[in-house]
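Working notes, structure below.
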Amino acid sequence: MAELTYLEALREGLREEMDRDERVFVLGEDVAAYGGAFKVTDGFLDRFGPDRVIDTPISEAAIVGAAAGAAHMGMRPVAEMQFIDFIACAYDMLTNYVATARYRAGLSTPLVVRGPSGGYVRGGPFHSQMPEAAFFHTPGLKLVCPATVRDAKGLIKASIRDDDPVIFFEHKFLYRRLKEEIPEGEDIVTPLGEARVAREGTDLTIVTWSAMVWKSIEAAERIANEDGASVEVLDLRTLLPMDDPAILASVQRTNRVLIVHEDTRTGGVAGEITARVNEQAFEWLDAPVRRVTAHDTPLPYAPTLEDFVLPQVDDIAAAARWLLAY
Amino acid sequence: MTSQSVDVNSPPGGLSADQLLEIYYYLALTRGLETRLGNLYRQGKVIGGLYRSLGQEGESVATAYALREGDILSPLIRNLGSMLVMGARPVEVLRQYMAKATGPTAGREMNVHFNDLKLGYLGQISPLGDMIPVMAGIALTFRMRREPRVGMIYIGDGGSSTGAFHEGVNFAAVMNLPLVIVVEQNGYAYSTPVAKQTRLTRLADKALAYGMPGYTVDGNDVFATWEQARDLVDRARNGGGPALLEVVTYRRKGHAEHDDQRYQPAEEIAAWAERDPVDRYVARVTGAGWVQASALQETDERVERELTEAVEACEDDPLPDPVTGLGNVYRNPADTPALWFRSLDG
């Protein structure tokens, strides 16, 4: 058993897929000679050579577009956004071109666009975003948001093997903070679209993903210790496809739902989950569905500001207690 | 030393009589198909807009004719001729325009937005410039696999103003990819003249910014366009990297059939009609005696026959069954579930 960080698990998953399938290659800014801004592809250039580890110009639209073209030809490109914030520069390519390709033209486009996302790292407005909602509304894309070391490896491998385009949101706060024992070389492939019960509970369900899983667990532990209530934490793992049955099953067990996400509130994914619970499990609810999200602002830099804008354990615990008392 | 004798009276580039006739076939097929589509449009059978390439057929056919089997091009809305050269069939184009269930996209996409990568064409999407990075990725794949194949991408004077154009052309240049970028200067992007797109008058000069060669040809001269395209395709195939080919031509119809062309002076259209690429081609091949007028006439008859058959083959085809609109958003599951409140089971 080797203890891996979240980042090392990503690297191992990516490396294993490149070892097993010569169609897989990586491209992006500073991914080859430098090994990536966060070193996810460290050592890849030596191992796989310049044909499969490609430094590109600063051209997010061209990176994604070229990945799409290669994917049409049977390749399995993995494109890195140096920070996921810059994926907005490729928004047209992803939504108009990539997401529609199978539907409008019968084109297979198996690509992964991956990159560091999320806040709590004092990154300021353009190195902190979790822009999941911008793509959640686009049929044809898959959105993956691993919360654990094991899932970082299992989901990147599944995403690369998937026949549809995947946007893979890595959480940079978790990159080096999270460690887990992973059997060396274990071929972990975590199916897309299957949620995971991160903490079992009976009185309230927190539906969440990515780094918010850990804040939600912390809030749940606090409530267990201080209030004696039992909070379930459901880690969605993928937003598209979304595991509706897992959400509904949990709601039917606990009858109370809190949705927690790091992205901003208005138009956020929590709204859609609320609507689905409302449509499909209204009669099971003992309380209104609530949300804890970031405030509707750009992400600020100063620690005091960022901590205030992003959801914290206190916010989650307060909302959970409100629901438990309802 | 032996001197090589050049027969000034033989066709350029060693084109055979059969090839000259084949080029004429594609020119006539393009123009004939668009004429048919115009009739169908006026009969209300074309569902959306109709986009004509009248006056630009020469450069479309000539550039595509410079490619060979295994190469892939990505056309624009006015490159019907390029697609036909690669093997797209008129009946497919007709079905696309009429949104037929039997068409290559089964009613999901319109007009010439469809593809056959085996034959060698990748349909465009409407945001201009996007296909350049995509074709760069295809050319990148050719190189990664050490395949001697070439990509060709078309963009207009208007499309060359986009960010995707810049990113895609630069990406192809930096990576020395086998991609020929055909920039069509046809006077207008919808109603906007070239002078409002760029300070340049020679769009080939854009190539300088990317460190690649740029050439300008008379796009209404089939031979000049074909020869220059062939040279750049050969160069790309031999590892010389990308190049930009500006073809100067003119869009004699509006942006689409509904467009009244109020922004195009009548005398300008008339002057370009005098330089019609098909007329010039016919005059050249018959004037030099390379092709008999009777052979061209037989080709015209063949085109009319084929187009009549194509229209008859699809005119009465059904529109797609509504429920098929839910399929193939993803590979798996292949079908989007109908929500209970919009259940198609009734």
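In the structure tokens, the first chain shown is A, the next is B, and so on; residue numbers restart at 1 for each chain, and ligands run from 1 in the order shown.
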Among stretch 72-261 of chain A, which ones does DSSP assign to strand (DSSP E) (computed from the backbone)? Answer as a PyMOL selection string. chain A and resi 76-80+112-117+142-144+166-171+179-182+196-199+204-208+231-235+238-240+257-261
Identify every residue of chain A that has at least one atom within 8 Å of any atom of chain B, counting only C-alpha atoms, and report the result as JSON, numbers by chain. {"A": [51, 56, 57, 59, 61, 62, 63, 64, 65, 66, 67, 68, 69, 70, 72, 73, 75, 93, 96, 97, 100, 102, 103, 104, 105, 106, 139, 140, 163, 164]}
Can I get the selected residues back with C-alpha atoms, as an mmCIF file, in the first residue's frame?
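Final file, part34.cif:
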```
data_model
loop_
_atom_site.group_PDB
_atom_site.id
_atom_site.type_symbol
_atom_site.label_atom_id
_atom_site.label_comp_id
_atom_site.auth_asym_id
_atom_site.auth_seq_id
_atom_site.Cartn_x
_atom_site.Cartn_y
_atom_site.Cartn_z
ATOM 1 C CA ASP A 51 4.159 13.338 -29.410
ATOM 2 C CA THR A 56 0.670 24.417 -26.471
ATOM 3 C CA PRO A 57 0.405 28.170 -26.953
ATOM 4 C CA SER A 59 -4.958 29.240 -26.566
ATOM 5 C CA ALA A 61 -10.104 27.445 -27.532
ATOM 6 C CA ALA A 62 -7.461 25.896 -29.777
ATOM 7 C CA ILE A 63 -6.467 23.381 -27.105
ATOM 8 C CA VAL A 64 -10.041 22.160 -26.755
ATOM 9 C CA GLY A 65 -10.740 22.394 -30.479
ATOM 10 C CA ALA A 66 -7.627 20.432 -31.371
ATOM 11 C CA ALA A 67 -8.506 17.853 -28.732
ATOM 12 C CA ALA A 68 -11.917 17.503 -30.353
ATOM 13 C CA GLY A 69 -10.417 17.024 -33.798
ATOM 14 C CA ALA A 70 -8.044 14.381 -32.498
ATOM 15 C CA HIS A 72 -12.918 12.482 -33.865
ATOM 16 C CA MET A 73 -9.976 10.591 -35.339
ATOM 17 C CA MET A 75 -7.566 9.534 -30.157
ATOM 18 C CA MET A 93 -15.721 25.328 -28.304
ATOM 19 C CA ASN A 96 -21.265 24.818 -29.378
ATOM 20 C CA TYR A 97 -18.808 22.383 -30.866
ATOM 21 C CA THR A 100 -23.245 18.974 -29.827
ATOM 22 C CA ARG A 102 -22.572 13.453 -31.342
ATOM 23 C CA TYR A 103 -26.103 14.749 -31.545
ATOM 24 C CA ARG A 104 -25.861 16.955 -34.603
ATOM 25 C CA ALA A 105 -23.241 15.079 -36.581
ATOM 26 C CA GLY A 106 -22.807 11.594 -35.151
ATOM 27 C CA PRO A 139 -26.527 18.526 -22.803
ATOM 28 C CA GLY A 140 -23.754 16.395 -24.254
ATOM 29 C CA ASP A 163 -16.904 7.805 -25.035
ATOM 30 C CA ASP A 164 -18.345 11.251 -24.321
#
```
Contact residues around B:Ala310 with only C-alpha atoms at 8 Å, ignoring same-chain residues under 5 positions, as a VMD selection string: chain B and resid 90 to 91 94
Would you mind exporting N, CA and C atoms of the selected residues as a CSV table (one decimal), in the first residue's frame?
```
chain,number,residue,atom,x,y,z
B,90,PRO,N,-25.4,14.6,-53.9
B,90,PRO,CA,-26.4,15.7,-54.0
B,90,PRO,C,-27.7,15.3,-53.2
B,91,VAL,N,-28.0,14.0,-53.2
B,91,VAL,CA,-29.2,13.6,-52.5
B,91,VAL,C,-29.1,13.9,-51.0
B,94,LEU,N,-29.7,17.6,-50.5
B,94,LEU,CA,-31.1,17.9,-50.7
B,94,LEU,C,-31.9,17.5,-49.4
```
Report as JSON lines the residues of stretch 33-107 of chain B within 12 Å of stretch 17-21 of chain B, each with its shortest atom pair and distance in Å (one decimal), using only C-alpha atoms, ordered by chain and increasing residue number.
```
{"residue": "B:Val61", "atom": "CA", "partner": "B:Leu20", "partner_atom": "CA", "distance": 11.7}
{"residue": "B:Ala62", "atom": "CA", "partner": "B:Leu20", "partner_atom": "CA", "distance": 10.8}
{"residue": "B:Tyr65", "atom": "CA", "partner": "B:Gln19", "partner_atom": "CA", "distance": 9.6}
{"residue": "B:Ala66", "atom": "CA", "partner": "B:Gln19", "partner_atom": "CA", "distance": 11.6}
{"residue": "B:Val85", "atom": "CA", "partner": "B:Gln19", "partner_atom": "CA", "distance": 11.9}
```
Since we have the selection now, will you write its residues out, keeping N, CA and C atoms, as a PDB file, in the first residue's frame?
```
ATOM      1  N   VAL B  61     -14.123  23.975 -55.859  1.00  0.00           N
ATOM      2  CA  VAL B  61     -13.794  22.731 -56.557  1.00  0.00           C
ATOM      3  C   VAL B  61     -12.281  22.605 -56.740  1.00  0.00           C
ATOM      4  N   ALA B  62     -11.645  23.697 -57.112  1.00  0.00           N
ATOM      5  CA  ALA B  62     -10.203  23.632 -57.429  1.00  0.00           C
ATOM      6  C   ALA B  62      -9.364  23.305 -56.200  1.00  0.00           C
ATOM      7  N   TYR B  65      -9.912  19.739 -55.192  1.00  0.00           N
ATOM      8  CA  TYR B  65      -9.360  18.833 -56.207  1.00  0.00           C
ATOM      9  C   TYR B  65      -7.858  18.631 -56.020  1.00  0.00           C
ATOM     10  N   ALA B  66      -7.249  19.509 -55.238  1.00  0.00           N
ATOM     11  CA  ALA B  66      -5.812  19.375 -54.960  1.00  0.00           C
ATOM     12  C   ALA B  66      -5.532  18.312 -53.901  1.00  0.00           C
ATOM     13  N   VAL B  85     -16.670  17.311 -54.422  1.00  0.00           N
ATOM     14  CA  VAL B  85     -15.402  16.727 -54.893  1.00  0.00           C
ATOM     15  C   VAL B  85     -14.971  15.583 -53.976  1.00  0.00           C
TER      16      VAL B  85
END
```
Quick one: everything within 7 Å of stretch 209-214 of chain B, counting only C-alpha atoms, minus sequence neighbours fewer than 2 positions away in the same chain. Send it as an mmCIF file with C-alpha atoms, in the first residue's frame.
```
data_model
loop_
_atom_site.group_PDB
_atom_site.id
_atom_site.type_symbol
_atom_site.label_atom_id
_atom_site.label_comp_id
_atom_site.auth_asym_id
_atom_site.auth_seq_id
_atom_site.Cartn_x
_atom_site.Cartn_y
_atom_site.Cartn_z
ATOM 1 C CA ASN B 170 -1.199 29.989 -34.698
ATOM 2 C CA ALA B 173 1.873 27.088 -37.289
ATOM 3 C CA ALA B 204 -2.652 36.494 -47.336
ATOM 4 C CA ASP B 205 -0.635 39.023 -45.326
ATOM 5 C CA LYS B 206 -2.208 37.546 -42.208
ATOM 6 C CA ALA B 207 0.113 34.595 -42.742
ATOM 7 C CA THR B 216 -3.041 35.125 -53.119
ATOM 8 C CA PRO B 242 0.828 24.924 -42.818
ATOM 9 C CA ALA B 243 0.281 27.676 -45.354
ATOM 10 C CA LEU B 244 -2.388 30.208 -46.063
ATOM 11 C CA LEU B 245 -3.987 30.522 -49.471
#
```
Quick one: everything within 9 Å of B:Glu315, counting only C-alpha atoms, minus sequence neighbours fewer than 4 positions away in the same chain. Send it as a PyMOL selection string. chain B and resi 45+94-95+98+100+310-311
Would you list, as JSON, numbers by chain, the residues of stretch 50-246 of chain B that end up in helix (DSSP H, G or I) under DSSP run on this structure's backbone? {"B": [57, 58, 59, 60, 61, 62, 63, 64, 65, 80, 81, 82, 83, 84, 85, 86, 90, 91, 92, 93, 94, 95, 96, 97, 131, 132, 133, 134, 135, 136, 137, 138, 139, 140, 141, 142, 143, 144, 159, 160, 161, 163, 164, 165, 166, 167, 168, 169, 170, 171, 172, 173, 174, 194, 195, 196, 203, 204, 205, 206, 207, 208, 209, 210, 222, 223, 224, 225, 226, 227, 228, 229, 230, 231, 232, 233, 234, 235, 236, 237]}
Using only C-alpha atoms, pick whichever of A:Trp214, A:Tyr6, A:Phe86, A:Phe25 has the shortest atom-to-atom distance to A:Ile58.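 Of the candidates, the smallest distance to A:Ile58 is held by A:Phe86.
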Within 10 Å of B:Leu307 using only C-alpha atoms, minus same-chain residues under 6 positions, as a PyMOL selection string: chain B and resi 29+32-33+36+89-91+94+301+313
Go through stretch 58-84 of chain B residue by residue and, counting only C-alpha atoms, keep those with an atom at most 8 Å from stretch 147-155 of chain B; for each kept residue give the shortest atom pair and its distance in Å to one decimal, ordered by chain and increasing number, as a tab-separated table.
```
residue	atom	partner	partner_atom	distance
B:Leu67	CA	B:Val150	CA	7.7
B:Gly70	CA	B:Arg149	CA	6.1
B:Asp71	CA	B:Val150	CA	5.0
B:Ile72	CA	B:Gly151	CA	5.0
B:Leu73	CA	B:Met152	CA	4.4
B:Ser74	CA	B:Ile153	CA	5.0
B:Pro75	CA	B:Tyr154	CA	5.6
B:Leu76	CA	B:Tyr154	CA	6.1
```
List the neighbours of stretch 109-122 of chain A out to 6 Å using only C-alpha atoms; skip same-chain residues closer than 6 positions along the sequence, and give me the result as a PDB file with N, CA and C atoms, in the first residue's frame.
```
ATOM      1  N   ALA A  68     -10.707  18.033 -29.724  1.00  0.00           N
ATOM      2  CA  ALA A  68     -11.917  17.503 -30.353  1.00  0.00           C
ATOM      3  C   ALA A  68     -11.600  16.874 -31.707  1.00  0.00           C
ATOM      4  N   ALA A  71      -9.936  13.664 -31.158  1.00  0.00           N
ATOM      5  CA  ALA A  71     -10.896  12.688 -30.632  1.00  0.00           C
ATOM      6  C   ALA A  71     -11.764  12.121 -31.759  1.00  0.00           C
ATOM      7  N   HIS A  72     -12.149  12.974 -32.710  1.00  0.00           N
ATOM      8  CA  HIS A  72     -12.918  12.482 -33.865  1.00  0.00           C
ATOM      9  C   HIS A  72     -12.147  11.392 -34.613  1.00  0.00           C
ATOM     10  N   ARG A  76      -7.640   9.806 -27.746  1.00  0.00           N
ATOM     11  CA  ARG A  76      -8.261  10.051 -26.439  1.00  0.00           C
ATOM     12  C   ARG A  76      -7.520  11.190 -25.747  1.00  0.00           C
ATOM     13  N   PRO A  77      -7.698  12.411 -26.211  1.00  0.00           N
ATOM     14  CA  PRO A  77      -6.934  13.524 -25.660  1.00  0.00           C
ATOM     15  C   PRO A  77      -7.397  13.920 -24.252  1.00  0.00           C
ATOM     16  N   VAL A  78      -6.418  14.319 -23.459  1.00  0.00           N
ATOM     17  CA  VAL A  78      -6.692  14.892 -22.145  1.00  0.00           C
ATOM     18  C   VAL A  78      -6.091  16.292 -22.161  1.00  0.00           C
ATOM     19  N   ALA A  79      -6.944  17.300 -22.157  1.00  0.00           N
ATOM     20  CA  ALA A  79      -6.494  18.688 -22.260  1.00  0.00           C
ATOM     21  C   ALA A  79      -6.493  19.322 -20.880  1.00  0.00           C
ATOM     22  N   GLU A  80      -5.396  19.965 -20.548  1.00  0.00           N
ATOM     23  CA  GLU A  80      -5.340  20.647 -19.252  1.00  0.00           C
ATOM     24  C   GLU A  80      -5.656  22.127 -19.415  1.00  0.00           C
ATOM     25  N   MET A  81      -6.548  22.622 -18.564  1.00  0.00           N
ATOM     26  CA  MET A  81      -6.681  24.056 -18.362  1.00  0.00           C
ATOM     27  C   MET A  81      -5.776  24.379 -17.172  1.00  0.00           C
ATOM     28  N   PHE A  83      -5.653  26.718 -15.071  1.00  0.00           N
ATOM     29  CA  PHE A  83      -6.635  26.889 -14.002  1.00  0.00           C
ATOM     30  C   PHE A  83      -7.992  26.755 -14.671  1.00  0.00           C
ATOM     31  N   ILE A  84      -8.919  26.121 -13.985  1.00  0.00           N
ATOM     32  CA  ILE A  84     -10.193  25.849 -14.645  1.00  0.00           C
ATOM     33  C   ILE A  84     -10.931  27.145 -14.981  1.00  0.00           C
ATOM     34  N   SER A 128      -9.703  30.665  -8.637  1.00  0.00           N
ATOM     35  CA  SER A 128     -10.485  30.120  -7.523  1.00  0.00           C
ATOM     36  C   SER A 128     -11.854  29.591  -7.927  1.00  0.00           C
ATOM     37  N   GLN A 129     -12.191  29.702  -9.176  1.00  0.00           N
ATOM     38  CA  GLN A 129     -13.587  29.445  -9.547  1.00  0.00           C
ATOM     39  C   GLN A 129     -13.930  27.961  -9.558  1.00  0.00           C
ATOM     40  N   MET A 130     -15.223  27.710  -9.415  1.00  0.00           N
ATOM     41  CA  MET A 130     -15.780  26.365  -9.561  1.00  0.00           C
ATOM     42  C   MET A 130     -16.944  26.511 -10.555  1.00  0.00           C
ATOM     43  N   ASP A 163     -16.784   7.447 -23.618  1.00  0.00           N
ATOM     44  CA  ASP A 163     -16.904   7.805 -25.035  1.00  0.00           C
ATOM     45  C   ASP A 163     -17.471   9.201 -25.270  1.00  0.00           C
ATOM     46  N   ASP A 164     -17.798   9.904 -24.187  1.00  0.00           N
ATOM     47  CA  ASP A 164     -18.345  11.251 -24.321  1.00  0.00           C
ATOM     48  C   ASP A 164     -17.366  12.274 -23.731  1.00  0.00           C
ATOM     49  N   PRO A 165     -17.526  13.534 -24.107  1.00  0.00           N
ATOM     50  CA  PRO A 165     -16.625  14.566 -23.563  1.00  0.00           C
ATOM     51  C   PRO A 165     -16.882  14.822 -22.075  1.00  0.00           C
ATOM     52  N   VAL A 166     -15.800  14.906 -21.332  1.00  0.00           N
ATOM     53  CA  VAL A 166     -15.883  15.074 -19.875  1.00  0.00           C
ATOM     54  C   VAL A 166     -15.128  16.332 -19.464  1.00  0.00           C
ATOM     55  N   ILE A 167     -15.743  17.138 -18.624  1.00  0.00           N
ATOM     56  CA  ILE A 167     -15.000  18.209 -17.942  1.00  0.00           C
ATOM     57  C   ILE A 167     -14.741  17.724 -16.526  1.00  0.00           C
ATOM     58  N   PHE A 168     -13.476  17.732 -16.170  1.00  0.00           N
ATOM     59  CA  PHE A 168     -13.030  17.103 -14.932  1.00  0.00           C
ATOM     60  C   PHE A 168     -12.517  18.188 -13.991  1.00  0.00           C
ATOM     61  N   PHE A 169     -13.313  18.473 -12.962  1.00  0.00           N
ATOM     62  CA  PHE A 169     -12.992  19.544 -12.020  1.00  0.00           C
ATOM     63  C   PHE A 169     -12.185  18.972 -10.854  1.00  0.00           C
ATOM     64  N   GLU A 170     -10.890  19.226 -10.882  1.00  0.00           N
ATOM     65  CA  GLU A 170     -10.052  18.813  -9.754  1.00  0.00           C
ATOM     66  C   GLU A 170     -10.103  19.921  -8.713  1.00  0.00           C
ATOM     67  N   HIS A 171     -10.061  19.549  -7.435  1.00  0.00           N
ATOM     68  CA  HIS A 171     -10.061  20.612  -6.425  1.00  0.00           C
ATOM     69  C   HIS A 171      -8.647  20.876  -5.919  1.00  0.00           C
ATOM     70  N   LYS A 172      -8.174  22.084  -6.215  1.00  0.00           N
ATOM     71  CA  LYS A 172      -6.774  22.380  -5.898  1.00  0.00           C
ATOM     72  C   LYS A 172      -6.514  22.465  -4.398  1.00  0.00           C
ATOM     73  N   TYR A 301      -9.956  38.051  -2.949  1.00  0.00           N
ATOM     74  CA  TYR A 301      -8.600  37.579  -2.646  1.00  0.00           C
ATOM     75  C   TYR A 301      -8.301  37.532  -1.140  1.00  0.00           C
TER      76      TYR A 301
END
```
Which of B:Gly55, B:Gly239, B:Pro12, B:Gly87 sits closest to B:Arg252 [using only C-alpha atoms]: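 Closest residue, counting only C-alpha atoms: B:Gly55.
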